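Written below as structure tokens is the structure these notes are about.
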Amino acid sequence: MNMEQLVDDYIDAWNRQNLDRLLELMDKRATFYDAYWMEYCAGKDLTHYLRDALDEGYWFQTTGNIILVENSVAFRYTAHKRTDSGPGPILYNGAEVLTLREHKIVSVSDYYCNPAQAELTEVARLATKRHGKMRHAKSGLGSLKALHFKNVLSDIMDQDKVYLDAELTLSQLAGQVGCSVDNLSQVISSDYGTSFQNFLDQYRMRYASELLLEESEDPNYVFQVALRSGFRSIESFNNLFRKQFGETPTDYRLHHRQDIDSAGEPLMH
């Protein structure tokens, strides 16, 4: 297999979202270095990483000439939004270096760059020099990408209050964050130390505790608070609230409303 054919097969596998074909082109000990996210993956983690990357659904096209540097082949590419008819608008430019051994890819170095400002041969030399020196990224999720997903997740929860949707699923939330289900689960577990359901419940109870302090003459107000906060039933709301605050929502409302009313009473002279 010549170099041009290898690159064509490699790009074709990405565009067809064919994970098996990508792995077939790679050595069993192949590594992948993503310079933008500073991620370095190998072995089983590489499979997870590639699967997540394929799920992002970009369409790639090579640009310019393919260049050979020592035992590597380097090329520039453009990443496009995928449409039903093929590649859409260009989203970003990049350069990639494939290091080869016996016609198998043993390492991939991916660099996001402006082709007008970075000579491809220099990109290839940089890849050869730095590849394999970055830390390992568990399950294909490096610290920079994890931080990015965490920040997006925090914004969505705090600003959009998506947790108020009682039917919200892990898959739906991952779609809004822009990551895979596995990556979102890892962020919630690593950064918040809890499960997806508990993560939602914490936000919902915090929101409910604020609603319970508002004035209302509705005898079913606690039930309304449960529904407005994203809980499917009053029973689960009561149980979780008691576990979190040490008292039922009704008692919490009674005690704290009394404190608010007392604080608002005028001083006697």
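Residue names in the structure tokens use chain letters A, B, ... in the order shown, residue numbers from 1 in each chain, and ligand numbers from 1 in the order shown.
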So which residues touch Leu25 (chain A) within 8 Å, counting only C-alpha atoms, skipping near sequence neighbours fewer than 5 positions away, as a list in words?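 Listing them by chain and then by number gives Tyr10, Lys104 and Ile105 of chain A.
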Written file, previous selection with N, CA and C atoms, as a PDB file, in the first residue's frame:
```pdb
ATOM      1  N   TYR A  10      -7.540   6.061   5.281  1.00  0.00           N
ATOM      2  CA  TYR A  10      -7.666   6.594   6.638  1.00  0.00           C
ATOM      3  C   TYR A  10      -8.776   7.655   6.696  1.00  0.00           C
ATOM      4  N   LYS A 104       1.578  -0.133   8.712  1.00  0.00           N
ATOM      5  CA  LYS A 104       0.560   0.057   9.746  1.00  0.00           C
ATOM      6  C   LYS A 104       0.824   1.384  10.455  1.00  0.00           C
ATOM      7  N   ILE A 105      -0.253   2.044  10.861  1.00  0.00           N
ATOM      8  CA  ILE A 105      -0.125   3.308  11.589  1.00  0.00           C
ATOM      9  C   ILE A 105       0.201   2.989  13.050  1.00  0.00           C
TER      10      ILE A 105
END
```
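Of the listed residues A:Asp182, A:Leu212, A:Leu68, A:Phe237, the one whose atoms come nearest to Asp45 (chain A) is A:Asp182, with distances taken using only C-alpha atoms.
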Give the answer as one residue: which of A:Thr248, A:Ser229, A:Gln5, A:Gln186 has the shortest atom-to-atom distance to Lys150 (chain A), using only C-alpha atoms? A:Gln186
Contact residues around Gly88 (chain A) with only C-alpha atoms at 12 Å, ignoring same-chain residues under 3 positions, as number ranges by chain: A: 57-61, 78-85, 91-92
Those selected residues, please, written with C-alpha atoms and delivered as a CSV table (one decimal), in the first residue's frame.
```
chain,number,residue,atom,x,y,z
A,57,GLY,CA,-19.8,13.5,13.0
A,58,TYR,CA,-17.2,15.7,11.2
A,59,TRP,CA,-16.4,15.2,7.5
A,60,PHE,CA,-12.8,15.5,6.5
A,61,GLN,CA,-11.0,16.4,3.3
A,78,THR,CA,-10.2,20.7,6.5
A,79,ALA,CA,-13.0,19.6,8.9
A,80,HIS,CA,-16.5,20.2,7.8
A,81,LYS,CA,-20.0,20.0,9.3
A,82,ARG,CA,-21.6,16.8,8.1
A,83,THR,CA,-24.8,17.1,6.0
A,84,ASP,CA,-27.0,14.6,4.3
A,85,SER,CA,-25.4,15.4,1.0
A,91,LEU,CA,-15.3,24.3,10.7
A,92,TYR,CA,-11.6,24.3,11.2
```
Give me, as a PyMOL selection string, the residues of region 141-182 of chain A that a backbone DSSP run labels alpha helix (DSSP H). chain A and resi 143-155+170-177+181-182
Distance criterion (only C-alpha atoms): nearest to His256 (chain A) out of A:Glu102, A:Gln159, A:Ser209, A:Thr47: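 Once distances to His256 (chain A) are computed over only C-alpha atoms, the minimum belongs to A:Ser209.
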If you count only C-alpha atoms, the residue of A:Thr99, A:Ser109, A:Gln197, A:Asn15 closest to Tyr163 (chain A) turns out to be A:Gln197
Atom-to-atom span, CA of Tyr33 (chain A) and CA of Met3 (chain A), Å: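 CA of Met3 (chain A) lies at a distance of 20.3 Å from CA of Tyr33 (chain A).
You will find CA of Tyr252 (chain A) at 10.8 Å from CA of Ala208 (chain A).
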Grab the CA of Glu217 (chain A) to CA of Gln202 (chain A) distance for me, in Å with one decimal place.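 Pair CA of Glu217 (chain A) / CA of Gln202 (chain A) returns 26.7 Å.
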Members of region 34-207 of chain A assigned strand (DSSP E) by DSSP, as a PyMOL selection string: chain A and resi 34+39-42+58-69+72-83+86-101+104-112
